[in-house]
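Report on the structure given below.
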Amino acid sequence: MAAAVLAAPLLPLADPLTGSLSERLLPFFSQGHVLGTDTQGRDMLSRLVYGTRTSLIVGVVPIVIATVTGLAIGTVAGLSGRFVNTVLMRGVDLLFAFPGVLLALLLAISMGVGLGTLLLALTLVWIAPVSRIAETEVSRIRELDFVTAARSSGATAASILVRQIVPVSLPAVLAYSTSLVGANVAISGGLGFIGLGVPSPQPELGSILYEMQAAVYSDPSLALAPVVMILLLSMLFPLVGDGVRDAISGKGRES
């Protein structure tokens with residue numbers, strides 16, 4: 001799926017932004033339109049591929065930024081004294097005070113619709129939980145025997161951080177972060193469905209579903225494609241997260 005959407009400009013697809021009102025709401029397997037057309041006569045297969053591309057960008061980019069930021073915050077908090085840990089974690093708790101979907105919704109309303117706003121909103125949503133996971137892992141690992149042995153042997157703090165702390169805490173953080181991509185796709189789809197995502201006519205799975213509401217009364221199957229894609233992405237990324245964790249920790253090779 002990722003390969004298909006990344007190679008979208010190279011595929012023989014119709015223009016996702018251009019349609020014909022004389023061909024609006026064509027059913028599946030119509031001539032020249034395998035998945036039919038939308039309310040503006042635009043090819044649904046093309047819009048679905050490009051819409052999935054946008055949804056993957058919205059799903060992955062905020063998670064990458066949130067993971068790097070959260071890992072830095074959690075690592076500093078986990079390795080620091082009580083005062084620094086308390087200050088950083090109370091700041092994280094402030095973000096926890098706002099439910100993720102509500103925070104994204106408020107930011108989208110206050111800053112206006114657009115891809116940049118969506119990326120910022122979804123990044124802020126996930127910094128807090130990633131920071132908490134990282135802080136919990138680092139606080140646990142710093143007391144383990146192999147870290148104590150490295151400290152006793154005269155290893156520097158930087159060496160312990162790079163060679164002992166981060167490699168052991170990274171699998172749990174990456175597995176959790178990767179699973180969040182599916183949640184991002186679902187949240188962005190929900191925001192797009194209520195008109196607060198990527199503005200039309202740019203394709204995005206949620207906005208495509210919003211535009212296809214009119215088809216529910218004539219041909220409900222036309223609205224299924226974006227729904228199926230959102231569900232697939234939401235379910236597949238947790239499996240990818242498990243695979244990432246096993247690959248890093250070596251469990252996959254052992255099994």
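Chain labels A, B, ... are given in the sequence in which chains occur in the structure tokens; within each chain residues are numbered consecutively from 1, and ligands are likewise numbered from 1 in the order shown.
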Find the residues around A:Gly36 up to 10 Å (only C-alpha atoms counted), leave out those fewer than 5 positions away in its own chain, and share them as a CSV table (one decimal) with C-alpha atoms, in the first residue's frame.
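Result saved to around26.csv:
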```csv
chain,number,residue,atom,x,y,z
A,23,GLU,CA,-19.8,11.1,-15.4
A,24,ARG,CA,-20.7,11.8,-11.7
A,25,LEU,CA,-21.4,8.8,-9.4
A,26,LEU,CA,-20.6,6.1,-11.9
A,27,PRO,CA,-20.7,2.6,-10.3
A,28,PHE,CA,-17.8,0.2,-9.8
A,29,PHE,CA,-16.2,-1.2,-12.9
A,30,SER,CA,-17.5,1.5,-15.2
A,31,GLN,CA,-15.5,2.0,-18.4
A,41,GLY,CA,-17.1,13.0,-11.8
A,42,ARG,CA,-13.6,12.5,-10.6
A,43,ASP,CA,-12.0,9.0,-10.7
A,44,MET,CA,-12.4,7.4,-7.3
A,45,LEU,CA,-9.4,5.1,-7.7
A,221,SER,CA,-21.0,1.0,-2.3
A,222,LEU,CA,-19.2,4.1,-3.7
```
Quick one: everything within 10 Å of stretch 84-88 of chain A, counting only C-alpha atoms, minus sequence neighbours fewer than 4 positions away in the same chain. Send it as a list of chain:residue names.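 Final neighbour list, sorted by chain and number: A:Ile73, A:Gly74, A:Thr75, A:Val76, A:Ala77, A:Gly78, A:Leu79, A:Ser80, A:Val92, A:Asp93, A:Ser131, A:Glu135.
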Closest to A:Thr18 among A:Pro99, A:Pro201, A:Gly206, A:Pro238, using only C-alpha atoms? A:Pro201
Who sits within 8 Å of stretch 159-173 of chain A, only C-alpha atoms, same chain under 4 positions skipped, as a list in words: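 What passes the distance filter is Thr67, Leu71, Val130, Ile133, Ala134, Glu137, Val138, Ile141, Arg142, Phe146, Val147, Ala150, Arg151, Ala155, Ser177, Val244, Arg245, Asp246, Ile248 and Ser249 of chain A.
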Can you tell me how far atom CA of A:Val198 sits from atom CA of A:Leu115, in Å to one decimal?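 These two atoms are separated by 5.4 Å.
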Near stretch 116-124 of chain A, 7 Å: stretch 15-78 of chain A residue rows, closest pairs, only C-alpha atoms, as JSON lines:
```
{"residue": "A:Val58", "atom": "CA", "partner": "A:Leu119", "partner_atom": "CA", "distance": 6.0}
{"residue": "A:Pro62", "atom": "CA", "partner": "A:Thr123", "partner_atom": "CA", "distance": 4.3}
{"residue": "A:Ile63", "atom": "CA", "partner": "A:Thr123", "partner_atom": "CA", "distance": 6.4}
{"residue": "A:Ile65", "atom": "CA", "partner": "A:Thr123", "partner_atom": "CA", "distance": 6.6}
{"residue": "A:Ala66", "atom": "CA", "partner": "A:Thr123", "partner_atom": "CA", "distance": 5.4}
```
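Take atom CA of A:Gly189 and atom CA of A:Val227: the distance between them is 9.3 Å.
From atom CA of A:Pro129 back to atom CA of A:Gly243, the distance works out to 20.5 Å.
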Taking 5 positions as the minimum chain separation for residues in the same chain, which residues sit within 10 Å of stretch 48-55 of chain A when counting only C-alpha atoms? Answer as an NGL selection string. :A and (1-9 or 13 or 15-16 or 35 or 43 or 60 or 115 or 181-182 or 184-186 or 188-189 or 198 or 202-208 or 225-226 or 229-230 or 233)
Would you mind exporting N, CA, C and O atoms of the selected residues as a compact mmCIF listing (two decimals), in the first residue's frame?
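Output saved as part-v7.txt:
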```txt
# COMPACT_ATOMS: atom_id res chain seq x y z
N MET A 1 0.83 -1.21 0.00
CA MET A 1 0.00 0.00 0.00
C MET A 1 0.86 1.25 0.00
O MET A 1 0.60 2.21 -0.74
N ALA A 2 1.91 1.24 0.84
CA ALA A 2 2.80 2.41 0.89
C ALA A 2 3.51 2.61 -0.44
O ALA A 2 3.64 3.74 -0.93
N ALA A 3 3.97 1.51 -1.04
CA ALA A 3 4.66 1.60 -2.32
C ALA A 3 3.73 2.17 -3.40
O ALA A 3 4.14 2.99 -4.23
N ALA A 4 2.47 1.74 -3.38
CA ALA A 4 1.52 2.19 -4.39
C ALA A 4 1.26 3.69 -4.28
O ALA A 4 1.25 4.42 -5.28
N VAL A 5 1.06 4.17 -3.06
CA VAL A 5 0.73 5.59 -2.90
C VAL A 5 1.95 6.47 -3.11
O VAL A 5 1.84 7.61 -3.59
N LEU A 6 3.15 5.97 -2.77
CA LEU A 6 4.36 6.76 -2.99
C LEU A 6 4.69 6.86 -4.47
O LEU A 6 5.24 7.87 -4.93
N ALA A 7 4.35 5.81 -5.21
CA ALA A 7 4.62 5.80 -6.65
C ALA A 7 3.43 6.31 -7.45
O ALA A 7 3.39 6.15 -8.68
N ALA A 8 2.48 6.95 -6.80
CA ALA A 8 1.25 7.40 -7.47
C ALA A 8 1.51 8.25 -8.71
O ALA A 8 0.86 8.06 -9.75
N PRO A 9 2.47 9.22 -8.67
CA PRO A 9 2.69 10.03 -9.88
C PRO A 9 3.18 9.22 -11.08
O PRO A 9 3.06 9.67 -12.22
N LEU A 13 -2.76 6.79 -13.66
CA LEU A 13 -4.00 7.17 -12.99
C LEU A 13 -4.53 8.48 -13.56
O LEU A 13 -3.77 9.32 -14.05
N ASP A 15 -6.29 12.24 -13.41
CA ASP A 15 -6.05 13.41 -12.56
C ASP A 15 -7.06 13.39 -11.42
O ASP A 15 -8.28 13.41 -11.66
N PRO A 16 -6.60 13.33 -10.15
CA PRO A 16 -7.56 13.25 -9.03
C PRO A 16 -8.34 14.53 -8.79
O PRO A 16 -9.32 14.52 -8.03
N LEU A 35 -13.22 1.98 -9.80
CA LEU A 35 -13.97 2.19 -8.55
C LEU A 35 -15.04 3.26 -8.70
O LEU A 35 -15.50 3.83 -7.71
N ASP A 43 -12.29 10.47 -10.86
CA ASP A 43 -12.01 9.04 -10.74
C ASP A 43 -11.74 8.67 -9.28
O ASP A 43 -10.83 9.22 -8.65
N VAL A 60 2.13 9.62 9.54
CA VAL A 60 3.52 9.30 9.87
C VAL A 60 4.30 10.51 10.38
O VAL A 60 5.00 10.42 11.40
N LEU A 115 -3.22 21.41 5.80
CA LEU A 115 -2.33 20.30 6.11
C LEU A 115 -1.38 20.65 7.25
O LEU A 115 -1.14 19.83 8.14
N VAL A 181 0.22 5.48 14.36
CA VAL A 181 0.00 5.97 13.01
C VAL A 181 -1.43 5.67 12.57
O VAL A 181 -2.11 6.51 11.97
N GLY A 182 -1.92 4.46 12.88
CA GLY A 182 -3.29 4.11 12.54
C GLY A 182 -4.30 5.01 13.23
O GLY A 182 -5.30 5.41 12.64
N ASN A 184 -3.72 8.08 14.12
CA ASN A 184 -3.63 9.37 13.42
C ASN A 184 -4.46 9.38 12.15
O ASN A 184 -5.14 10.37 11.83
N VAL A 185 -4.40 8.29 11.40
CA VAL A 185 -5.18 8.19 10.17
C VAL A 185 -6.67 8.29 10.48
O VAL A 185 -7.43 8.98 9.79
N ALA A 186 -7.10 7.60 11.55
CA ALA A 186 -8.51 7.64 11.94
C ALA A 186 -8.93 9.03 12.40
O ALA A 186 -10.01 9.53 12.04
N SER A 188 -7.46 11.98 11.67
CA SER A 188 -7.45 12.90 10.53
C SER A 188 -8.64 12.64 9.61
O SER A 188 -9.22 13.57 9.05
N GLY A 189 -9.01 11.36 9.48
CA GLY A 189 -10.20 11.04 8.70
C GLY A 189 -11.46 11.62 9.32
O GLY A 189 -12.33 12.14 8.62
N VAL A 198 -7.84 18.34 5.51
CA VAL A 198 -7.25 18.92 4.31
C VAL A 198 -8.38 19.48 3.44
O VAL A 198 -9.33 18.78 3.13
N GLN A 202 -8.27 18.92 -2.60
CA GLN A 202 -7.16 18.01 -2.34
C GLN A 202 -7.70 16.72 -1.72
O GLN A 202 -8.47 16.77 -0.76
N PRO A 203 -7.33 15.55 -2.26
CA PRO A 203 -7.90 14.30 -1.74
C PRO A 203 -7.29 13.89 -0.41
O PRO A 203 -6.07 13.99 -0.20
N GLU A 204 -8.13 13.48 0.49
CA GLU A 204 -7.76 12.89 1.79
C GLU A 204 -8.90 11.98 2.18
O GLU A 204 -10.07 12.28 1.87
N LEU A 205 -8.62 10.86 2.81
CA LEU A 205 -9.64 9.83 3.00
C LEU A 205 -10.88 10.36 3.69
O LEU A 205 -12.00 10.04 3.32
N GLY A 206 -10.70 11.17 4.74
CA GLY A 206 -11.86 11.71 5.44
C GLY A 206 -12.67 12.66 4.59
O GLY A 206 -13.92 12.60 4.58
N SER A 207 -12.00 13.54 3.85
CA SER A 207 -12.72 14.49 3.00
C SER A 207 -13.40 13.77 1.83
O SER A 207 -14.47 14.17 1.38
N ILE A 208 -12.76 12.69 1.32
CA ILE A 208 -13.39 11.91 0.26
C ILE A 208 -14.69 11.30 0.77
O ILE A 208 -15.73 11.32 0.09
N ALA A 225 -15.13 2.57 -0.34
CA ALA A 225 -13.69 2.53 -0.60
C ALA A 225 -12.88 3.32 0.44
O ALA A 225 -11.94 2.79 1.03
N PRO A 226 -13.20 4.61 0.70
CA PRO A 226 -12.43 5.32 1.73
C PRO A 226 -12.60 4.74 3.12
O PRO A 226 -11.65 4.75 3.92
N MET A 229 -10.32 1.71 3.38
CA MET A 229 -8.92 2.11 3.46
C MET A 229 -8.56 2.64 4.85
O MET A 229 -7.50 2.33 5.39
N ILE A 230 -9.44 3.44 5.44
CA ILE A 230 -9.21 3.95 6.79
C ILE A 230 -9.13 2.80 7.79
O ILE A 230 -8.25 2.76 8.66
N LEU A 233 -5.76 0.80 7.29
CA LEU A 233 -4.60 1.51 7.85
C LEU A 233 -4.64 1.51 9.37
O LEU A 233 -3.62 1.36 10.04
```
Would you please extract all helix (DSSP H, G or I) residues from stretch 9-219 of chain A, as assigned by DSSP on the backbone, and give them as a ChimeraX atom specification? /A:9-10,21-23,44-79,82-96,100-111,115-141,145-152,157-193,205-217
Spatial neighbours of A:Tyr210, max dist 8 Å, only C-alpha atoms, sep filter under 3 positions, as a PyMOL selection string: chain A and resi 192-195+206-207+213
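Distance check against A:Arg132 using only C-alpha atoms: of A:Leu105, A:Ala247, A:Ala72, A:Ala149, the minimum falls on A:Ala72.
Residue nearest A:Ala223, chosen from A:Thr178, A:Ser110, A:Thr37, A:Ser152 and counting only C-alpha atoms: A:Thr37.
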